[in-house]
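Have a look at start.tsv; it's TSV, C-alpha atoms:
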chain	number	residue	atom	x	y	z
A	1	MET	CA	21.93	4.63	-24.32
A	2	LYS	CA	24.26	7.37	-23.10
A	3	LYS	CA	26.18	6.77	-19.91
A	4	PHE	CA	24.26	9.29	-17.78
A	5	GLU	CA	20.95	7.75	-18.90
A	6	GLU	CA	21.80	4.52	-17.12
A	7	ASN	CA	21.07	6.22	-13.78
A	8	ILE	CA	17.76	7.80	-14.77
A	9	ARG	CA	14.79	6.25	-13.02
A	10	ARG	CA	12.40	4.69	-15.53
A	11	VAL	CA	8.70	4.63	-14.71
A	12	THR	CA	5.46	4.37	-16.65
A	13	PRO	CA	3.63	7.55	-15.66
A	14	TYR	CA	0.02	8.02	-14.69
A	15	VAL	CA	-2.06	9.20	-17.64
A	16	PRO	CA	-4.65	11.84	-16.63
A	17	GLY	CA	-7.85	12.48	-18.51
A	18	GLU	CA	-7.55	14.56	-21.64
A	19	GLN	CA	-7.85	18.34	-21.15
A	20	PRO	CA	-9.31	19.58	-24.43
A	21	SER	CA	-9.52	23.28	-25.20
A	22	GLY	CA	-12.41	25.14	-26.80
A	23	SER	CA	-15.56	26.91	-25.66
A	24	ASP	CA	-18.02	24.37	-27.10
A	25	ILE	CA	-16.48	21.30	-25.46
A	26	ILE	CA	-18.60	19.16	-23.15
A	27	LYS	CA	-16.01	17.76	-20.76
A	28	LEU	CA	-17.20	14.70	-18.85
A	29	ASN	CA	-13.92	12.82	-18.54
A	30	THR	CA	-12.05	13.99	-15.44
A	31	ASN	CA	-14.66	14.03	-12.64
A	32	GLU	CA	-14.38	17.77	-12.04
A	33	SER	CA	-17.37	19.65	-10.71
A	34	PRO	CA	-19.47	21.22	-13.47
A	35	PHE	CA	-20.19	24.16	-11.17
A	36	ALA	CA	-18.05	27.11	-10.12
A	37	PRO	CA	-16.85	27.43	-6.53
A	38	SER	CA	-19.16	29.36	-4.24
A	39	THR	CA	-19.28	33.15	-4.25
A	40	MET	CA	-17.70	33.08	-0.80
A	41	VAL	CA	-14.67	31.24	-2.23
A	42	GLN	CA	-14.35	33.63	-5.15
A	43	MET	CA	-14.58	36.70	-2.93
A	44	SER	CA	-12.04	35.28	-0.49
A	45	ILE	CA	-9.45	34.81	-3.23
A	46	ALA	CA	-10.24	38.11	-4.96
A	47	SER	CA	-9.80	40.05	-1.72
A	48	MET	CA	-6.25	38.82	-1.14
A	49	MET	CA	-3.82	41.62	-0.37
A	50	PRO	CA	-0.82	41.77	-2.74
A	51	ASP	CA	1.49	41.63	0.25
A	52	ALA	CA	0.33	38.06	0.92
A	53	LEU	CA	1.89	36.87	-2.33
A	54	ARG	CA	5.43	38.02	-1.59
A	55	LYS	CA	5.64	35.93	1.58
A	56	TYR	CA	5.86	32.19	2.01
A	57	PRO	CA	2.58	30.57	3.08
A	58	ASP	CA	2.15	29.03	6.52
A	59	PRO	CA	3.92	25.65	6.09
A	60	ASP	CA	1.39	24.01	8.42
A	61	ALA	CA	-1.63	25.70	6.76
A	62	SER	CA	-2.82	26.06	10.35
A	63	ASP	CA	-5.93	28.11	9.55
A	64	LEU	CA	-7.16	25.51	7.07
A	65	VAL	CA	-6.33	22.61	9.38
A	66	ARG	CA	-8.27	24.35	12.14
A	67	GLU	CA	-11.26	24.89	9.84
A	68	ILE	CA	-11.31	21.26	8.69
A	69	ALA	CA	-10.90	19.94	12.23
A	70	SER	CA	-13.78	22.09	13.48
A	71	TYR	CA	-16.10	21.12	10.61
A	72	TYR	CA	-15.55	17.39	11.06
A	73	ASP	CA	-15.22	17.55	14.86
A	74	VAL	CA	-11.72	16.09	14.84
A	75	ASP	CA	-8.67	17.15	16.83
A	76	GLU	CA	-6.26	19.32	14.84
A	77	SER	CA	-3.43	16.90	15.56
A	78	LYS	CA	-5.28	14.31	13.46
A	79	VAL	CA	-5.55	16.43	10.30
A	80	PHE	CA	-3.06	16.78	7.46
A	81	VAL	CA	-3.35	18.90	4.29
A	82	GLY	CA	-1.55	18.73	0.98
A	83	VAL	CA	-1.60	19.71	-2.69
A	84	GLY	CA	-4.60	17.62	-3.64
A	85	SER	CA	-5.24	14.09	-2.45
A	86	ASP	CA	-2.64	12.86	-4.97
A	87	ASP	CA	0.08	14.70	-3.05
A	88	ILE	CA	-1.07	13.13	0.22
A	89	LEU	CA	-1.45	9.64	-1.24
A	90	GLY	CA	1.96	9.75	-2.89
A	91	MET	CA	3.52	11.00	0.34
A	92	SER	CA	1.70	8.24	2.24
A	93	PHE	CA	3.18	5.56	-0.03
A	94	LEU	CA	6.62	6.99	0.66
A	95	THR	CA	5.97	7.26	4.40
A	96	PHE	CA	4.07	4.12	5.35
A	97	PHE	CA	4.88	1.41	2.80
A	98	ASN	CA	8.42	0.43	3.68
A	99	SER	CA	7.99	-3.28	4.40
A	100	ASP	CA	9.52	-6.15	2.46
A	101	LYS	CA	5.99	-7.51	2.11
A	102	PRO	CA	3.82	-6.38	-0.82
A	103	ILE	CA	1.13	-3.78	-0.37
A	104	LEU	CA	-2.37	-4.73	-1.53
A	105	PHE	CA	-4.88	-2.84	-3.66
A	106	PRO	CA	-7.63	-3.80	-6.14
A	107	ASP	CA	-6.86	-4.68	-9.74
A	108	ILE	CA	-9.48	-2.17	-10.88
A	109	THR	CA	-9.01	1.08	-8.99
A	110	TYR	CA	-7.33	4.47	-9.15
A	111	SER	CA	-4.49	3.91	-11.62
A	112	PHE	CA	-2.00	6.08	-9.72
A	113	TYR	CA	-1.52	3.39	-7.03
A	114	ASP	CA	0.72	1.12	-9.07
A	115	VAL	CA	2.56	4.17	-10.48
A	116	TRP	CA	3.56	5.28	-6.96
A	117	ALA	CA	4.49	1.73	-6.03
A	118	GLU	CA	6.77	1.49	-9.06
A	119	LEU	CA	8.21	4.97	-8.45
A	120	TYR	CA	9.14	4.20	-4.84
A	121	ASP	CA	10.15	0.60	-5.58
A	122	ILE	CA	7.39	-0.83	-3.36
A	123	LYS	CA	6.35	-4.43	-3.85
A	124	TYR	CA	2.65	-4.72	-4.59
A	125	GLU	CA	-0.09	-7.19	-5.39
A	126	LYS	CA	-3.29	-6.38	-7.23
A	127	ILE	CA	-6.27	-8.14	-5.71
A	128	PRO	CA	-9.00	-8.93	-8.29
A	129	LEU	CA	-12.41	-7.45	-7.66
A	130	THR	CA	-15.32	-9.87	-7.81
A	131	GLU	CA	-17.26	-10.40	-11.04
A	132	GLU	CA	-19.59	-7.65	-9.77
A	133	PHE	CA	-16.60	-5.27	-9.41
A	134	GLU	CA	-16.76	-5.41	-5.61
A	135	ILE	CA	-14.02	-5.72	-3.00
A	136	ASN	CA	-14.05	-8.96	-1.03
A	137	PRO	CA	-12.66	-8.26	2.48
A	138	GLU	CA	-11.49	-11.89	2.78
A	139	ASP	CA	-8.93	-11.25	0.05
A	140	TYR	CA	-7.17	-8.71	2.28
A	141	LYS	CA	-6.72	-11.00	5.27
A	142	LYS	CA	-3.19	-12.13	4.49
A	143	GLU	CA	0.38	-10.98	4.99
A	144	ASN	CA	1.00	-7.54	3.53
A	145	GLY	CA	3.06	-4.37	3.88
A	146	GLY	CA	0.05	-2.08	3.71
A	147	ILE	CA	-3.36	-1.69	2.07
A	148	VAL	CA	-4.88	1.10	0.00
A	149	PHE	CA	-8.22	1.31	-1.78
A	150	ALA	CA	-10.69	3.94	-2.91
A	151	ASN	CA	-14.15	3.87	-1.36
A	152	PRO	CA	-16.32	4.52	-3.30
A	153	ASN	CA	-14.04	2.94	-5.84
A	154	ALA	CA	-12.94	4.50	-9.11
A	155	PRO	CA	-13.64	3.95	-11.92
A	156	THR	CA	-16.43	1.54	-10.92
A	157	GLY	CA	-18.20	3.95	-8.53
A	158	ILE	CA	-19.15	1.11	-6.19
A	159	ALA	CA	-18.97	1.67	-2.42
A	160	LEU	CA	-18.00	-0.95	0.14
A	161	PRO	CA	-20.21	-0.83	3.27
A	162	LYS	CA	-18.60	0.58	6.38
A	163	ALA	CA	-18.77	-2.73	8.23
A	164	GLN	CA	-16.75	-4.45	5.52
A	165	VAL	CA	-14.18	-1.66	5.41
A	166	GLU	CA	-13.75	-2.03	9.16
A	167	GLU	CA	-13.37	-5.77	8.67
A	168	ILE	CA	-10.32	-5.11	6.51
A	169	ILE	CA	-8.87	-2.58	8.96
A	170	SER	CA	-9.35	-4.78	12.03
A	171	ALA	CA	-7.80	-7.77	10.27
A	172	ASN	CA	-4.59	-5.83	9.57
A	173	PRO	CA	-3.40	-4.23	12.84
A	174	ASP	CA	0.25	-4.46	11.75
A	175	SER	CA	-0.24	-2.55	8.48
A	176	VAL	CA	-1.29	0.97	7.61
A	177	VAL	CA	-4.66	0.90	5.83
A	178	ILE	CA	-5.39	3.89	3.60
A	179	VAL	CA	-9.00	4.49	2.62
A	180	ASP	CA	-9.19	6.96	-0.26
A	181	GLU	CA	-12.52	8.77	0.18
A	182	ALA	CA	-12.22	11.19	-2.74
A	183	TYR	CA	-15.89	10.61	-3.65
A	184	ILE	CA	-17.46	9.98	-0.25
A	185	ASP	CA	-19.56	13.16	-0.29
A	186	PHE	CA	-21.60	11.71	-3.17
A	187	GLY	CA	-22.49	8.42	-1.47
A	188	GLY	CA	-21.31	5.49	0.60
A	189	GLU	CA	-20.39	5.35	4.28
A	190	THR	CA	-17.34	7.14	5.61
A	191	VAL	CA	-15.01	5.48	8.09
A	192	LEU	CA	-13.78	8.80	9.47
A	193	GLU	CA	-14.99	8.03	12.99
A	194	LEU	CA	-12.84	4.89	13.03
A	195	ILE	CA	-9.58	6.87	13.23
A	196	ASP	CA	-10.07	7.00	17.00
A	197	LYS	CA	-10.52	3.23	17.12
A	198	TYR	CA	-7.72	2.17	14.76
A	199	GLU	CA	-4.34	3.86	15.02
A	200	ASN	CA	-3.30	2.37	11.65
A	201	LEU	CA	-6.12	3.98	9.61
A	202	LEU	CA	-5.59	6.95	7.28
A	203	VAL	CA	-8.62	8.51	5.55
A	204	VAL	CA	-7.80	10.72	2.55
A	205	ARG	CA	-10.12	13.24	0.88
A	206	THR	CA	-10.06	16.12	-1.61
A	207	PHE	CA	-11.62	19.50	-2.36
A	208	SER	CA	-11.44	18.77	-6.09
A	209	LYS	CA	-14.74	16.94	-6.56
A	210	SER	CA	-17.54	17.93	-4.20
A	211	ARG	CA	-16.18	21.39	-3.32
A	212	ALA	CA	-15.44	22.44	-6.92
A	213	LEU	CA	-11.79	23.33	-6.32
A	214	ALA	CA	-9.87	21.00	-8.65
A	215	GLY	CA	-7.91	23.98	-9.96
A	216	MET	CA	-6.67	24.92	-6.49
A	217	ARG	CA	-5.30	21.44	-5.67
A	218	VAL	CA	-6.24	20.94	-2.03
A	219	GLY	CA	-6.37	17.57	-0.28
A	220	TYR	CA	-6.65	16.52	3.35
A	221	ALA	CA	-6.33	13.44	5.49
A	222	PHE	CA	-7.42	12.18	8.89
A	223	GLY	CA	-5.51	9.74	11.05
A	224	SER	CA	-4.01	9.06	14.43
A	225	GLU	CA	-1.44	11.50	15.80
A	226	THR	CA	1.20	8.87	15.03
A	227	LEU	CA	0.36	8.75	11.33
A	228	ILE	CA	-0.09	12.49	10.94
A	229	LYS	CA	3.23	13.22	12.63
A	230	ALA	CA	4.96	10.73	10.33
A	231	LEU	CA	3.45	12.43	7.27
A	232	LYS	CA	4.57	15.83	8.51
A	233	ASP	CA	8.09	14.58	9.10
A	234	VAL	CA	8.33	13.37	5.52
A	235	LYS	CA	6.73	16.55	4.15
A	236	PHE	CA	9.17	18.80	6.01
A	237	SER	CA	12.04	16.66	4.79
A	238	TYR	CA	11.59	17.73	1.18
A	239	ASN	CA	9.05	20.56	0.77
A	240	SER	CA	7.84	22.68	3.67
A	241	TYR	CA	5.68	25.04	1.64
A	242	THR	CA	3.14	22.94	-0.19
A	243	LEU	CA	-0.23	24.72	-0.23
A	244	ASN	CA	-0.08	28.28	-1.55
A	245	VAL	CA	-1.83	31.26	0.03
A	246	ALA	CA	-4.72	31.36	-2.45
A	247	ALA	CA	-5.40	27.64	-2.04
A	248	ILE	CA	-5.50	27.96	1.75
A	249	ARG	CA	-7.89	30.92	1.59
A	250	GLY	CA	-10.14	29.31	-1.01
A	251	ALA	CA	-10.36	26.01	0.84
A	252	LYS	CA	-11.20	27.75	4.12
A	253	ALA	CA	-14.04	29.60	2.45
A	254	ALA	CA	-15.30	26.40	0.81
A	255	ILE	CA	-15.56	24.77	4.23
A	256	LYS	CA	-17.43	27.76	5.63
A	257	ASP	CA	-19.98	27.88	2.81
A	258	ASP	CA	-21.68	24.66	3.88
A	259	GLU	CA	-25.06	25.48	2.34
A	260	TYR	CA	-23.55	25.88	-1.13
A	261	PHE	CA	-21.51	22.68	-0.74
A	262	LYS	CA	-24.51	20.56	0.23
A	263	GLY	CA	-26.70	22.04	-2.50
A	264	LEU	CA	-24.02	21.35	-5.11
A	265	VAL	CA	-23.66	17.72	-3.98
A	266	ASP	CA	-27.43	17.15	-3.96
A	267	GLU	CA	-27.77	18.56	-7.48
A	268	ILE	CA	-25.05	16.26	-8.83
A	269	LYS	CA	-26.60	13.22	-7.13
A	270	ARG	CA	-30.04	14.00	-8.59
A	271	THR	CA	-28.59	14.48	-12.06
A	272	ARG	CA	-26.62	11.24	-11.71
A	273	GLU	CA	-29.74	9.20	-10.98
A	274	GLU	CA	-31.76	10.89	-13.74
A	275	THR	CA	-28.99	10.25	-16.27
A	276	LYS	CA	-28.63	6.66	-15.11
A	277	MET	CA	-32.33	5.99	-15.80
A	278	LYS	CA	-32.09	7.51	-19.28
A	279	LEU	CA	-28.99	5.45	-20.10
A	280	LYS	CA	-30.69	2.24	-18.99
A	281	LYS	CA	-33.57	2.92	-21.38
A	282	MET	CA	-31.02	3.17	-24.18
A	283	GLY	CA	-29.50	-0.25	-23.46
A	284	PHE	CA	-26.71	0.74	-21.07
A	285	ASN	CA	-25.92	-1.18	-17.92
A	286	CYS	CA	-24.56	1.02	-15.11
A	287	THR	CA	-22.94	0.04	-11.83
A	288	ASN	CA	-24.46	1.34	-8.60
A	289	SER	CA	-22.30	4.44	-8.59
A	290	GLN	CA	-22.01	6.42	-5.36
A	291	THR	CA	-19.79	9.05	-6.96
A	292	ASN	CA	-20.02	12.03	-9.31
A	293	PHE	CA	-19.70	9.77	-12.35
A	294	LEU	CA	-21.36	6.75	-13.97
A	295	PHE	CA	-19.61	3.59	-15.12
A	296	ALA	CA	-21.55	2.21	-18.05
A	297	THR	CA	-21.43	-0.44	-20.77
A	298	HIS	CA	-23.81	-0.81	-23.70
A	299	GLU	CA	-25.57	-4.05	-24.59
A	300	SER	CA	-24.47	-4.03	-28.24
A	301	MET	CA	-22.13	-1.18	-29.21
A	302	PRO	CA	-18.48	-1.37	-28.03
A	303	ALA	CA	-17.43	1.29	-25.55
A	304	LYS	CA	-14.45	2.39	-27.64
A	305	GLU	CA	-16.68	3.07	-30.63
A	306	ILE	CA	-19.09	5.15	-28.52
A	307	PHE	CA	-16.15	7.00	-26.98
A	308	GLU	CA	-14.73	7.93	-30.39
A	309	LYS	CA	-18.09	8.98	-31.83
A	310	LEU	CA	-18.79	11.17	-28.81
A	311	ARG	CA	-15.35	12.70	-29.15
A	312	ASP	CA	-16.11	13.55	-32.78
A	313	ARG	CA	-19.04	15.55	-31.40
A	314	ASP	CA	-16.78	17.37	-28.89
A	315	ILE	CA	-18.19	15.37	-25.96
A	316	TYR	CA	-15.40	13.86	-23.88
A	317	VAL	CA	-15.91	10.86	-21.58
A	318	ARG	CA	-13.24	8.50	-20.21
A	319	TYR	CA	-12.34	5.22	-21.85
A	320	PHE	CA	-9.87	2.80	-20.25
A	321	GLU	CA	-8.20	0.33	-22.58
A	322	LYS	CA	-7.57	-2.09	-19.73
A	323	ASP	CA	-8.35	-5.70	-18.96
A	324	ARG	CA	-11.90	-6.34	-17.64
A	325	ILE	CA	-13.11	-2.76	-18.16
A	326	ASP	CA	-12.30	-2.09	-21.81
A	327	ASN	CA	-16.00	-2.16	-22.69
A	328	TYR	CA	-16.99	0.47	-20.13
A	329	LEU	CA	-17.16	4.25	-20.19
A	330	ARG	CA	-16.73	6.50	-17.18
A	331	ILE	CA	-19.03	9.48	-17.54
A	332	THR	CA	-18.63	12.47	-15.24
A	333	ILE	CA	-21.89	14.06	-14.12
A	334	GLY	CA	-22.13	17.54	-15.60
A	335	THR	CA	-24.91	20.09	-15.56
A	336	LYS	CA	-28.39	19.01	-16.61
A	337	GLU	CA	-27.85	20.79	-19.92
A	338	GLN	CA	-24.60	18.92	-20.53
A	339	MET	CA	-26.16	15.58	-19.67
A	340	ASN	CA	-29.12	16.26	-21.95
A	341	ALA	CA	-26.67	17.00	-24.76
A	342	LEU	CA	-24.90	13.72	-24.00
A	343	ILE	CA	-28.17	11.78	-24.15
A	344	MET	CA	-29.13	13.39	-27.46
A	345	ALA	CA	-25.73	12.53	-28.92
A	346	LEU	CA	-25.99	8.94	-27.73
A	347	GLU	CA	-29.45	8.59	-29.23
A	348	ASP	CA	-27.99	9.69	-32.56
A	349	ILE	CA	-24.96	7.39	-32.25
A	350	LEU	CA	-27.03	4.37	-31.26
A	351	GLY	CA	-29.61	5.02	-33.97
Can the structure from this file be put into structure tokens for me?
Amino acid sequence: MKKFEENIRRVTPYVPGEQPSGSDIIKLNTNESPFAPSTMVQMSIASMMPDALRKYPDPDASDLVREIASYYDVDESKVFVGVGSDDILGMSFLTFFNSDKPILFPDITYSFYDVWAELYDIKYEKIPLTEEFEINPEDYKKENGGIVFANPNAPTGIALPKAQVEEIISANPDSVVIVDEAYIDFGGETVLELIDKYENLLVVRTFSKSRALAGMRVGYAFGSETLIKALKDVKFSYNSYTLNVAAIRGAKAAIKDDEYFKGLVDEIKRTREETKMKLKKMGFNCTNSQTNFLFATHESMPAKEIFEKLRDRDIYVRYFEKDRIDNYLRITIGTKEQMNALIMALEDILG
């Protein structure tokens, strides 16, 4: 090792889903929306004046914050926006998890959590989910430096009832509790209204899934004025201009086009349940997913083998070679046509 390399931080990075290229690919591996953003979003971005691009964007993204606050009936001082929910979550780790005590999160969850903990040198403990892949609130009633979990969870898709989420929050008044609600529009119970009851609660969401804007990278969070101010202080300490002009405009339009948003979500939920029934008839066991994906294991054929055979047919799903879930596939819900193609391929693979 060269001398200068001794001071390079070493981390094991997060591995995102594969992004294959090609027009005939069926991509069901990264939980993106299979539908385009609404016409209102497209027109809003297309109508941008060239002059807007030569100037820095509003560092507070005030127009977008105002739109989000109005839609969810929350005070603007309790809203924060960032470059996707990943940006906000990573910033939250840096901002709120500075105790000598370990932070807590499930052993099976969004795999970026331990990456951020390692990157920022934060002590952490992975709490095992139950045999049914559920969070047990009792496991989070102990000394900690913070708590973070996705609800509904990923990659399992299972949602913890609101009452049990509140049980975790109320039991930890001395820690910041982050509830990652990236998939809440597809099912489960939000705890958004609890931000007025618990000053230590941060609720994080994204435009990437239910609002079909993964390519724009827009995330947002709700919390007490204390938490939001702390996030802003950290943000303005290293990058004032996060969201670009096009992202701000597109996200505002996505909020305004409520009819399109709700129709898109309903269509994905219907397709999810239809696909789940078809998979069960083929010998798959699926968790009770409340997201835009299914988490499935087959009764006889190994998940890795199915994954590879689907890939050979240019159908991409997600396979995690990890303890406890290495015989499961995470399947993003696509269009009905895409899901029918998946089912036909599986019928062929399974014989």
query: Which polymer residues have any atom within 10 Å of an atom of stretch 12-22 of chain A, counting all atoms listed in the file, with same-chain residues fewer than 5 positions away left out, as JSON, numbers by chain?
result: {"A": [27, 28, 29, 30, 31, 110, 111, 112, 113, 114, 115, 116, 118, 119, 314, 315, 316, 317, 318, 319]}
Polymer residues at most 10 Å from A:Arg270, only C-alpha atoms, same-chain spacing of 6 or more positions, as a list in words: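 Contacts, with the query itself left out: Lys276, Ile333 and Lys336 of chain A.
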Long-range neighbours of A:Ser208 as number ranges by chain, 7 Å cut-off, all atoms listed in the file, 2 positions minimum in chain: A: 32, 206, 210-214, 217-218
message: With all atoms listed in the file as the counted atoms, please give the residues lying no more than 8 Å from A:Pro102, apart from itself and same-chain residues fewer than 5 positions off, as a count of residues only.
response: 7
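You will find atom CA of A:Lys3 at 22.4 Å from atom CA of A:Asp121.
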message: I'd like the interatomic distance between atom CA of A:Asp139 and atom CA of A:Ala171, to a tenth of an Å.
response: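 Atom CA of A:Ala171 lies 10.9 Å from atom CA of A:Asp139.
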message: Report, in Å with one decimal, the straight-line distance from atom CA of A:Val81 to atom CA of A:Pro106.
response: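 Taking atom CA of A:Val81 and atom CA of A:Pro106, their separation equals 25.3 Å.
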task: Go through A:Asn200, A:Thr335, A:Leu192, A:Glu305 and flag the residue nearest A:Ile228, using all atoms listed in the file for the distances.
output: A:Asn200
For the point (-27.8, 11.6, -2.1) in file coordinates, what residues are within 10 Å, counting only C-alpha atoms? Give the answer as an mmCIF file with C-alpha atoms, in the frame of the given file?
data_model
loop_
_atom_site.group_PDB
_atom_site.id
_atom_site.type_symbol
_atom_site.label_atom_id
_atom_site.label_comp_id
_atom_site.auth_asym_id
_atom_site.auth_seq_id
_atom_site.Cartn_x
_atom_site.Cartn_y
_atom_site.Cartn_z
ATOM 1 C CA ASP A 185 -19.560 13.160 -0.290
ATOM 2 C CA PHE A 186 -21.600 11.710 -3.170
ATOM 3 C CA GLY A 187 -22.490 8.420 -1.470
ATOM 4 C CA GLY A 188 -21.310 5.490 0.600
ATOM 5 C CA LYS A 262 -24.510 20.560 0.230
ATOM 6 C CA VAL A 265 -23.660 17.720 -3.980
ATOM 7 C CA ASP A 266 -27.430 17.150 -3.960
ATOM 8 C CA GLU A 267 -27.770 18.560 -7.480
ATOM 9 C CA ILE A 268 -25.050 16.260 -8.830
ATOM 10 C CA LYS A 269 -26.600 13.220 -7.130
ATOM 11 C CA ARG A 270 -30.040 14.000 -8.590
ATOM 12 C CA ARG A 272 -26.620 11.240 -11.710
ATOM 13 C CA GLU A 273 -29.740 9.200 -10.980
ATOM 14 C CA GLN A 290 -22.010 6.420 -5.360
ATOM 15 C CA THR A 291 -19.790 9.050 -6.960
#
